[in-house]
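Participant: This is run38.txt (compact mmCIF, C-alpha atoms).
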```txt
# COMPACT_ATOMS: atom_id res chain seq x y z
CA MET A 1 -4.92 4.06 -9.29
CA MET A 2 -5.72 1.85 -6.30
CA LEU A 3 -7.90 -0.30 -8.55
CA ALA A 4 -4.98 -0.83 -10.92
CA TRP A 5 -2.51 -1.58 -8.11
CA LYS A 6 -4.62 -4.34 -6.58
CA THR A 7 -6.14 -5.78 -9.75
CA ALA A 8 -2.80 -6.09 -11.55
CA ALA A 9 -1.23 -8.16 -8.77
CA CYS A 10 -4.33 -10.30 -8.30
CA LEU A 11 -4.66 -11.15 -12.00
CA THR A 12 -0.92 -11.71 -12.47
CA ALA A 13 -1.03 -14.28 -9.67
CA GLY A 14 -3.70 -16.18 -11.62
CA ASN A 15 -6.84 -15.19 -9.73
CA THR A 16 -10.19 -13.75 -10.71
CA VAL A 17 -11.26 -10.44 -9.17
CA VAL A 18 -14.41 -9.23 -7.45
CA LEU A 19 -13.95 -5.50 -6.87
CA LYS A 20 -16.20 -3.24 -4.80
CA PRO A 21 -15.35 0.44 -5.37
CA ALA A 22 -16.11 3.06 -2.74
CA GLN A 23 -19.78 3.99 -2.78
CA VAL A 24 -18.93 7.58 -3.76
CA THR A 25 -16.44 6.64 -6.53
CA PRO A 26 -17.97 3.86 -8.69
CA LEU A 27 -17.53 5.31 -12.18
CA THR A 28 -13.84 4.61 -12.81
CA ALA A 29 -14.28 0.99 -11.75
CA LEU A 30 -17.22 0.51 -14.11
CA LYS A 31 -15.27 2.13 -16.95
CA PHE A 32 -12.35 -0.18 -16.17
CA ALA A 33 -14.66 -3.20 -16.49
CA GLU A 34 -15.93 -1.91 -19.83
CA LEU A 35 -12.39 -1.51 -21.15
CA ALA A 36 -11.43 -4.97 -19.87
CA ALA A 37 -14.36 -6.50 -21.77
CA ARG A 38 -13.42 -4.62 -24.93
CA ALA A 39 -9.84 -5.87 -24.56
CA GLY A 40 -11.10 -9.44 -24.67
CA LEU A 41 -10.79 -10.59 -21.06
CA PRO A 42 -13.06 -13.62 -20.52
CA LYS A 43 -16.31 -13.12 -18.66
CA GLY A 44 -15.98 -13.62 -14.94
CA VAL A 45 -12.32 -12.66 -14.68
CA ILE A 46 -13.07 -9.08 -13.55
CA ASN A 47 -16.29 -8.44 -11.65
CA ILE A 48 -17.40 -5.03 -10.35
CA LEU A 49 -19.93 -4.76 -7.49
CA PRO A 50 -20.90 -1.13 -6.76
CA GLY A 51 -22.85 -0.48 -3.59
CA SER A 52 -22.57 0.38 0.06
CA GLY A 53 -19.85 -1.01 2.24
CA ALA A 54 -22.36 -2.02 4.90
CA LEU A 55 -24.13 -4.30 2.42
CA VAL A 56 -21.86 -5.33 -0.45
CA GLY A 57 -18.58 -4.98 1.41
CA GLN A 58 -19.92 -6.91 4.37
CA ARG A 59 -21.16 -9.73 2.14
CA LEU A 60 -17.72 -10.05 0.55
CA SER A 61 -16.06 -10.13 3.98
CA ASP A 62 -18.46 -12.83 5.17
CA HIS A 63 -18.62 -14.96 2.00
CA PRO A 64 -17.20 -18.49 2.49
CA VAL A 65 -15.93 -18.79 -1.10
CA VAL A 66 -13.71 -15.70 -0.87
CA ARG A 67 -10.23 -16.64 0.38
CA LYS A 68 -8.37 -13.34 0.06
CA LEU A 69 -9.56 -9.79 0.67
CA GLY A 70 -7.62 -6.57 0.08
CA PHE A 71 -8.95 -3.28 1.40
CA THR A 72 -8.02 0.40 1.17
CA GLY A 73 -9.88 2.76 3.48
CA SER A 74 -10.19 3.94 7.05
CA THR A 75 -8.62 2.19 10.02
CA GLU A 76 -12.04 1.86 11.68
CA ILE A 77 -13.52 -0.05 8.72
CA GLY A 78 -10.31 -2.06 8.32
CA LYS A 79 -10.64 -3.38 11.86
CA HIS A 80 -14.24 -4.38 11.19
CA ILE A 81 -13.22 -6.20 7.99
CA MET A 82 -10.47 -8.09 9.81
CA LYS A 83 -12.99 -9.27 12.39
CA SER A 84 -15.49 -10.39 9.73
CA CYS A 85 -12.82 -12.22 7.73
CA ALA A 86 -11.63 -14.03 10.86
CA VAL A 87 -15.10 -15.10 11.97
CA SER A 88 -16.28 -16.24 8.53
CA ASN A 89 -13.48 -18.48 7.22
CA VAL A 90 -10.15 -16.96 8.33
CA LYS A 91 -9.60 -15.14 5.05
CA LYS A 92 -6.16 -13.84 4.16
CA VAL A 93 -6.31 -10.05 4.47
CA SER A 94 -4.18 -7.09 3.40
CA LEU A 95 -5.09 -3.61 4.62
CA GLU A 96 -3.98 -0.14 3.52
CA LEU A 97 -5.58 2.15 6.08
CA GLY A 98 -5.38 5.68 7.49
CA GLY A 99 -2.28 7.79 7.92
CA LYS A 100 -0.88 10.87 9.60
CA SER A 101 2.35 11.00 7.65
CA PRO A 102 5.08 13.28 9.08
CA LEU A 103 7.30 15.40 6.84
CA ILE A 104 10.48 16.76 8.48
CA ILE A 105 12.08 19.82 6.87
CA PHE A 106 15.57 20.78 8.03
CA SER A 107 17.14 24.22 7.67
CA ASP A 108 19.77 22.93 5.20
CA CYS A 109 17.12 21.91 2.67
CA ASP A 110 16.59 23.36 -0.79
CA MET A 111 13.93 25.85 0.34
CA ASP A 112 12.16 26.30 -2.99
CA LYS A 113 11.97 22.57 -3.53
CA ALA A 114 10.81 21.97 0.04
CA VAL A 115 8.01 24.52 -0.39
CA ARG A 116 6.97 23.09 -3.75
CA MET A 117 7.03 19.45 -2.64
CA GLY A 118 5.59 20.29 0.76
CA MET A 119 2.55 21.80 -0.95
CA CYS A 120 2.30 18.79 -3.24
CA SER A 121 2.45 16.49 -0.22
CA VAL A 122 -0.63 18.16 1.27
CA PHE A 123 -2.71 19.65 -1.56
CA PHE A 124 -2.32 16.95 -4.24
CA ASN A 125 -5.79 15.66 -5.22
CA LYS A 126 -7.38 18.17 -2.78
CA GLY A 127 -5.73 16.31 0.08
CA GLU A 128 -7.76 13.17 -0.64
CA ASN A 129 -4.59 11.12 -0.66
CA CYS A 130 -3.80 8.31 1.75
CA ILE A 131 -0.11 9.25 2.00
CA ALA A 132 -0.67 13.01 2.27
CA ALA A 133 1.71 14.70 4.70
CA GLY A 134 -0.57 15.05 7.69
CA ARG A 135 1.93 17.08 9.67
CA LEU A 136 4.99 19.13 8.70
CA PHE A 137 7.83 19.62 11.19
CA VAL A 138 9.90 22.66 10.14
CA GLU A 139 13.18 23.63 11.82
CA GLU A 140 12.68 26.86 13.76
CA THR A 141 15.38 28.86 11.94
CA ILE A 142 13.48 28.59 8.63
CA HIS A 143 9.95 28.20 9.98
CA ASP A 144 8.69 31.72 9.36
CA GLN A 145 10.26 31.90 5.91
CA PHE A 146 8.75 28.54 4.96
CA VAL A 147 5.27 29.55 6.12
CA LYS A 148 5.48 32.85 4.25
CA LYS A 149 6.49 31.16 0.98
CA VAL A 150 3.75 28.54 1.33
CA VAL A 151 1.07 31.20 1.83
CA GLU A 152 2.32 33.10 -1.21
CA GLU A 153 2.02 29.97 -3.34
CA VAL A 154 -1.40 29.05 -1.93
CA LYS A 155 -2.75 32.44 -3.01
CA LYS A 156 -1.67 31.66 -6.58
CA MET A 157 -3.62 28.40 -6.75
CA LYS A 158 -6.46 28.35 -9.25
CA ILE A 159 -9.64 26.79 -7.85
CA GLY A 160 -12.05 25.42 -10.42
CA ASP A 161 -13.14 22.57 -12.69
CA PRO A 162 -10.92 19.52 -12.11
CA LEU A 163 -11.26 18.57 -15.79
CA ASP A 164 -9.59 21.85 -16.76
CA ARG A 165 -5.84 21.24 -16.96
CA SER A 166 -5.12 24.75 -15.72
CA THR A 167 -6.95 24.07 -12.44
CA ASP A 168 -4.78 23.59 -9.35
CA HIS A 169 -7.48 22.77 -6.84
CA GLY A 170 -10.84 21.05 -7.38
CA PRO A 171 -13.83 20.20 -5.20
CA GLN A 172 -13.97 17.60 -2.42
CA ASN A 173 -15.67 14.33 -3.30
CA HIS A 174 -18.94 14.83 -1.42
CA LYS A 175 -20.71 17.17 1.01
CA ALA A 176 -20.28 15.00 4.10
CA HIS A 177 -16.53 15.21 3.68
CA LEU A 178 -16.67 18.97 3.15
CA ASP A 179 -18.60 19.34 6.39
CA LYS A 180 -16.04 17.19 8.18
CA LEU A 181 -13.21 19.49 7.01
CA LEU A 182 -15.05 22.55 8.29
CA GLU A 183 -15.42 20.90 11.72
CA TYR A 184 -11.76 19.87 11.65
CA CYS A 185 -10.63 23.48 11.15
CA GLN A 186 -12.99 24.73 13.83
CA MET A 187 -11.42 22.24 16.24
CA GLY A 188 -7.93 23.49 15.37
CA VAL A 189 -8.86 27.10 16.05
CA LYS A 190 -10.63 26.15 19.28
CA GLU A 191 -7.52 24.37 20.60
CA GLY A 192 -5.28 27.36 19.90
CA ALA A 193 -3.58 26.63 16.58
CA THR A 194 -3.00 29.64 14.32
CA LEU A 195 -5.12 29.62 11.17
CA ILE A 196 -2.86 31.33 8.61
CA CYS A 197 -5.19 31.05 5.63
CA GLY A 198 -8.22 29.12 4.37
CA GLY A 199 -10.46 27.07 6.61
CA LYS A 200 -13.70 27.92 4.82
CA GLN A 201 -15.89 26.70 1.99
CA VAL A 202 -15.34 28.48 -1.33
CA GLN A 203 -18.39 30.54 -2.23
CA ARG A 204 -19.26 28.91 -5.52
CA PRO A 205 -21.36 25.92 -6.60
CA GLY A 206 -19.83 22.60 -5.60
CA PHE A 207 -18.04 21.16 -2.61
CA PHE A 208 -14.99 23.42 -2.81
CA PHE A 209 -12.85 23.93 0.29
CA GLU A 210 -10.10 26.53 0.55
CA PRO A 211 -6.48 25.31 0.72
CA THR A 212 -5.73 25.78 4.41
CA VAL A 213 -2.58 26.35 6.47
CA PHE A 214 -2.29 26.00 10.26
CA ALA A 215 0.83 26.98 12.23
CA ASP A 216 1.81 26.80 15.91
CA VAL A 217 0.29 23.33 16.15
CA GLN A 218 1.15 21.59 19.42
CA ASP A 219 1.57 17.85 19.83
CA HIS A 220 -1.52 17.37 22.02
CA MET A 221 -3.95 19.02 19.60
CA TYR A 222 -6.59 17.08 17.71
CA ILE A 223 -5.37 18.31 14.31
CA ALA A 224 -1.83 17.16 15.20
CA LYS A 225 -3.02 13.60 15.77
CA GLU A 226 -5.96 12.94 13.46
CA GLU A 227 -6.04 12.71 9.67
CA SER A 228 -8.06 15.33 7.80
CA PHE A 229 -7.98 13.68 4.36
CA GLY A 230 -8.28 17.16 2.94
CA PRO A 231 -6.26 20.21 1.79
CA ILE A 232 -5.12 21.26 5.27
CA MET A 233 -1.41 21.83 6.01
CA ILE A 234 -0.48 21.33 9.67
CA ILE A 235 2.86 22.98 10.56
CA SER A 236 4.83 22.55 13.79
CA LYS A 237 8.32 23.84 14.48
CA PHE A 238 11.24 22.04 16.12
CA ARG A 239 14.47 23.30 17.65
CA SER A 240 17.70 23.24 15.67
CA GLY A 241 19.94 20.27 16.37
CA GLU A 242 17.23 18.23 18.11
CA VAL A 243 17.01 15.49 15.51
CA ASP A 244 16.13 12.69 17.92
CA ASP A 245 13.42 14.77 19.56
CA VAL A 246 11.68 15.59 16.29
CA LEU A 247 11.92 11.91 15.34
CA ARG A 248 10.22 11.01 18.61
CA ARG A 249 7.44 13.49 17.87
CA ALA A 250 7.07 12.32 14.28
CA ASN A 251 6.77 8.68 15.39
CA ASP A 252 4.34 9.49 18.21
CA THR A 253 1.33 8.36 16.22
CA GLU A 254 -0.68 5.18 15.78
CA TYR A 255 -0.20 5.46 12.02
CA GLY A 256 2.79 4.57 9.86
CA LEU A 257 1.89 4.70 6.19
CA ALA A 258 4.38 7.22 4.81
CA SER A 259 6.81 9.96 5.85
CA GLY A 260 9.44 12.26 4.40
CA VAL A 261 12.56 14.28 5.06
CA PHE A 262 14.15 17.27 3.30
CA THR A 263 17.86 17.96 3.84
CA ARG A 264 21.03 18.36 1.80
CA ASP A 265 22.97 16.27 4.34
CA ILE A 266 22.92 12.66 3.12
CA SER A 267 24.06 11.31 6.48
CA LYS A 268 21.20 13.10 8.21
CA ALA A 269 18.78 11.86 5.57
CA MET A 270 19.87 8.25 6.09
CA TYR A 271 19.77 8.60 9.88
CA VAL A 272 16.25 10.01 9.84
CA SER A 273 14.86 7.67 7.18
CA GLU A 274 16.08 4.61 9.09
CA ARG A 275 14.30 5.78 12.25
CA LEU A 276 11.00 7.01 10.86
CA ASN A 277 8.51 4.26 11.61
CA ALA A 278 6.62 4.19 8.32
CA GLY A 279 6.30 1.88 5.35
CA THR A 280 7.57 4.52 2.91
CA VAL A 281 10.06 7.33 3.55
CA PHE A 282 10.46 9.97 0.84
CA VAL A 283 13.82 11.76 0.77
CA ASN A 284 13.85 15.23 -0.84
CA THR A 285 10.65 14.39 -2.72
CA TYR A 286 7.10 13.29 -2.01
CA ASN A 287 4.30 11.24 -3.59
CA LYS A 288 6.87 9.57 -5.88
CA THR A 289 5.87 5.91 -5.70
CA ASP A 290 7.34 3.33 -8.06
CA VAL A 291 5.57 0.22 -9.35
CA ALA A 292 8.64 -1.86 -8.47
CA ALA A 293 8.78 -0.65 -4.85
CA PRO A 294 6.51 -2.34 -2.28
CA PHE A 295 3.95 0.01 -0.73
CA GLY A 296 2.17 -0.48 2.58
CA GLY A 297 1.97 0.74 6.15
CA PHE A 298 2.97 -0.08 9.70
CA LYS A 299 0.97 -0.03 12.93
CA GLN A 300 -2.67 1.01 12.47
CA SER A 301 -2.00 2.00 8.87
CA GLY A 302 -2.38 -1.69 8.08
CA PHE A 303 -0.26 -4.54 6.76
CA GLY A 304 0.47 -6.26 3.47
CA LYS A 305 1.91 -4.66 0.34
CA ASP A 306 0.76 -3.23 -2.95
CA LEU A 307 3.23 -2.92 -5.85
CA GLY A 308 6.51 -4.74 -6.36
CA GLN A 309 7.10 -8.47 -6.09
CA GLU A 310 5.72 -8.48 -2.55
CA ALA A 311 2.29 -7.55 -3.90
CA LEU A 312 2.15 -10.86 -5.78
CA ASN A 313 2.69 -12.77 -2.54
CA GLU A 314 -0.52 -11.25 -1.18
CA TYR A 315 -2.46 -13.21 -3.82
CA LEU A 316 -0.48 -16.45 -3.78
CA LYS A 317 -0.31 -19.48 -1.50
CA THR A 318 2.92 -21.27 -0.64
CA LYS A 319 2.85 -25.05 -0.45
CA ALA A 320 5.68 -27.25 0.84
CA LYS A 321 6.04 -30.80 -0.55
CA PRO A 322 8.85 -32.61 1.32
CA ALA A 323 9.93 -35.93 -0.21
CA LEU A 324 12.29 -38.60 1.12
CA THR A 325 14.13 -39.21 -2.15
CA SER A 326 16.46 -41.88 -0.78
CA SER A 327 13.56 -44.34 -0.52
CA TRP A 328 11.93 -43.48 -3.84
CA THR A 329 11.02 -46.59 -5.84
CA GLY A 330 8.82 -45.14 -8.53
CA VAL A 331 9.06 -43.98 -12.09
CA PRO A 332 6.72 -41.39 -13.55
CA ASN A 333 3.65 -42.63 -15.37
CA LYS A 334 2.32 -40.87 -18.45
CA VAL A 335 1.57 -37.24 -17.74
CA ALA A 336 -2.09 -36.32 -18.03
CA GLU A 337 -2.83 -33.60 -20.58
CA SER A 338 -4.41 -31.40 -17.91
CA ASP A 339 -1.61 -31.86 -15.40
CA GLN A 340 2.07 -31.40 -16.19
CA THR A 341 3.16 -32.97 -12.88
CA PRO A 342 4.41 -36.57 -13.32
CA VAL A 343 2.51 -39.21 -11.33
CA TYR A 344 4.79 -41.76 -9.69
CA SER A 345 4.08 -45.49 -9.53
CA THR A 346 5.74 -48.14 -7.38
CA VAL A 347 7.42 -50.13 -10.16
CA ARG A 348 10.81 -51.72 -9.41
CA PRO A 349 12.55 -52.10 -12.78
CA THR A 350 15.22 -54.71 -13.34
CA GLU A 351 16.54 -52.94 -16.44
CA ASP A 352 16.87 -49.40 -17.80
CA VAL A 353 13.55 -47.55 -17.96
CA SER A 354 13.22 -44.47 -20.18
CA TYR A 355 10.65 -41.69 -19.88
CA GLY A 356 11.23 -38.95 -22.42
CA GLU A 357 14.71 -37.63 -21.68
CA ILE A 358 14.79 -39.44 -18.35
CA THR A 359 16.49 -42.78 -17.94
CA ILE A 360 16.38 -44.64 -14.63
CA ARG A 361 19.04 -47.34 -14.40
CA PRO A 362 18.95 -49.90 -11.58
CA LYS A 363 22.15 -50.57 -9.67
CA LYS A 364 22.57 -54.04 -8.28
CA LYS A 365 23.90 -54.34 -4.78
CA LYS A 366 24.56 -57.22 -2.46
CA SER A 367 21.55 -57.82 -0.26
CA LYS A 368 21.78 -58.73 3.39
CA ASN A 369 18.53 -60.69 3.10
CA PRO A 370 18.46 -63.64 0.65
CA GLY A 371 15.67 -63.38 -1.83
CA SER A 372 15.22 -59.64 -1.49
CA ASP A 373 14.90 -57.34 -4.52
CA PRO A 374 18.40 -56.59 -5.87
CA CYS A 375 17.16 -53.36 -7.50
CA ALA A 376 17.16 -51.20 -4.37
CA VAL A 377 19.34 -48.33 -5.54
CA TYR A 378 18.57 -46.17 -8.58
CA SER A 379 20.63 -43.64 -10.45
CA THR A 380 19.42 -41.08 -12.96
CA VAL A 381 21.38 -40.85 -16.17
CA LYS A 382 19.65 -37.71 -17.40
CA THR A 383 16.89 -35.78 -15.68
CA ASN A 384 14.93 -32.58 -16.11
CA ASP A 385 12.19 -32.78 -13.54
CA VAL A 386 12.53 -35.99 -11.50
CA MET A 387 13.24 -35.29 -7.83
CA GLY A 388 15.70 -37.98 -6.84
CA ARG A 389 18.70 -39.80 -8.10
```
Would you write out, as structure tokens, the structure that this file holds?
Facilitator:
Amino acid sequence: MMLAWKTAACLTAGNTVVLKPAQVTPLTALKFAELAARAGLPKGVINILPGSGALVGQRLSDHPVVRKLGFTGSTEIGKHIMKSCAVSNVKKVSLELGGKSPLIIFSDCDMDKAVRMGMCSVFFNKGENCIAAGRLFVEETIHDQFVKKVVEEVKKMKIGDPLDRSTDHGPQNHKAHLDKLLEYCQMGVKEGATLICGGKQVQRPGFFFEPTVFADVQDHMYIAKEESFGPIMIISKFRSGEVDDVLRRANDTEYGLASGVFTRDISKAMYVSERLNAGTVFVNTYNKTDVAAPFGGFKQSGFGKDLGQEALNEYLKTKAKPALTSSWTGVPNKVAESDQTPVYSTVRPTEDVSYGEITIRPKKKKSKNPGSDPCAVYSTVKTNDVMGR
């Protein structure tokens, strides 16, 4: 998906692409290159470079020929890439980095929908999702009911082969990440959060981790601040009526990639969505991105946009060409076959001059200086692309 987002905008803007997939996920990128070749794209338009970030990624960041670099990954690596791009040749950079996206659930929400979408916001793709809801704020009057319903649904989830369409929950990408999730849960328990369910590796071959739910999570805790990038739901409660306070807590993070709110009150939804400091705010839904809507984060979640018209601007350059048309004395020469921009010469015609559909007609005026050129003012009878009249 990320490959398609970035490659589409880059190619549409008229560029070629050198793409380095994550070291642990190279296969889809290589398959994409194969399909592009079969579709007839010329050689060199799409180039795939699998390998480690420390080697291949670093070379791309440092390379003097590269003028634009887009990156999706951790904030730590994003900072390193920015530094390399600045030192090498001041490359243009766009970064889509880490997140700790807050999801606020009010008591007037559609409970069943909030439970369903809340689970989707956390457990989609085993939690390996950059915009996953990293922390849920649930109004205290519905908190216990919400937690109970979530646990009931978690117990129904089928864990198994991700290629089986009936599977709800597959394995994590690699062992190092599985180990990180185990440490993350241990930290939550150590700091006093309540482990409702999960938190352990599934006893079967593969890197399977149980869908996990934590409650009673306080603002100062590690799991309240740091991204897990896994199937771990972090639930905190907030007092009824304290909208501004829960907004303060939701925004008290260095990340700002996505966020969400569930309520039946449209005024409340608009109030909250305007004040959540994130690049995307989902209202009564989650994970519903649109190719026409720009996507990108605030703060340490990065800058620049994927999707929408703004994504094209990431791969374009804007050039200004001011011209003082009142002193123009030229007419366009023949246009070269390889360049559709007319080249102007400094001819001063004394009679009508035609160029295709363009006719430049000199206007005689009385000169203050005897002997000067009488053809000092020009008017355009018909023009399509000449800048000046």
Participant: Which is closest to A:Thr167 among A:Arg248, A:Lys43, A:Arg59, A:Lys126, if we use only C-alpha atoms?
Facilitator: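 Distance minimum relative to A:Thr167 lands on A:Lys126.
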Participant: Measuring between only C-alpha atoms, which one of A:Asn313, A:Gln218, A:Ser240, A:Ser52 shows the shortest distance to A:Arg135?
Facilitator: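 Closest residue, counting only C-alpha atoms: A:Gln218.
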Participant: For A:Glu152, which of A:Arg116, A:Ser121, A:Tyr222, A:Val56 is the closest residue, counting all atoms listed in the file?
Facilitator: A:Arg116
Participant: Skip A:Asp219 itself and residues of its chain fewer than 4 positions away, then list as JSON, numbers by chain all residues within 10 Å of it, counting all atoms listed in the file.
Facilitator: {"A": [223, 224, 225, 236, 249, 250, 252]}
Participant: What's around A:Val87 at 10 Å? Count all atoms listed in the file, leave out sequence neighbours fewer than 5 positions away in its own chain, and write the answer as a JSON list (two decimals) with C-alpha atoms, in the coordinates of the input.
Facilitator:
```json
[["chain", "number", "residue", "atom", "x", "y", "z"],
["A", 61, "SER", "CA", -16.06, -10.13, 3.98],
["A", 62, "ASP", "CA", -18.46, -12.83, 5.17],
["A", 81, "ILE", "CA", -13.22, -6.20, 7.99],
["A", 82, "MET", "CA", -10.47, -8.09, 9.81]]
```
Participant: May I ask which of the residues A:Lys237, A:His177, A:Lys100, A:Arg67 is the closest one to A:Phe146, counting all atoms listed in the file?
Facilitator: A:Lys237
Participant: Here is a test: counting all atoms listed in the file, which residue of A:Ser101, A:Ser166, A:Thr253, A:Asn89 is nearest to A:Ala132?
Facilitator: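 Going through A:Ser101, A:Ser166, A:Thr253, A:Asn89 one by one, the smallest distance to A:Ala132 is for A:Ser101.
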Participant: For each of A:Gly188, A:Ala9, A:Glu314, A:Asn284, take the minimum atom-to-atom distance to A:Asp112, counting only C-alpha atoms, then give the residue where this is smallest.
Facilitator: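 Checking each of A:Gly188, A:Ala9, A:Glu314, A:Asn284 against A:Asp112, counting only C-alpha atoms, the winner is A:Asn284.
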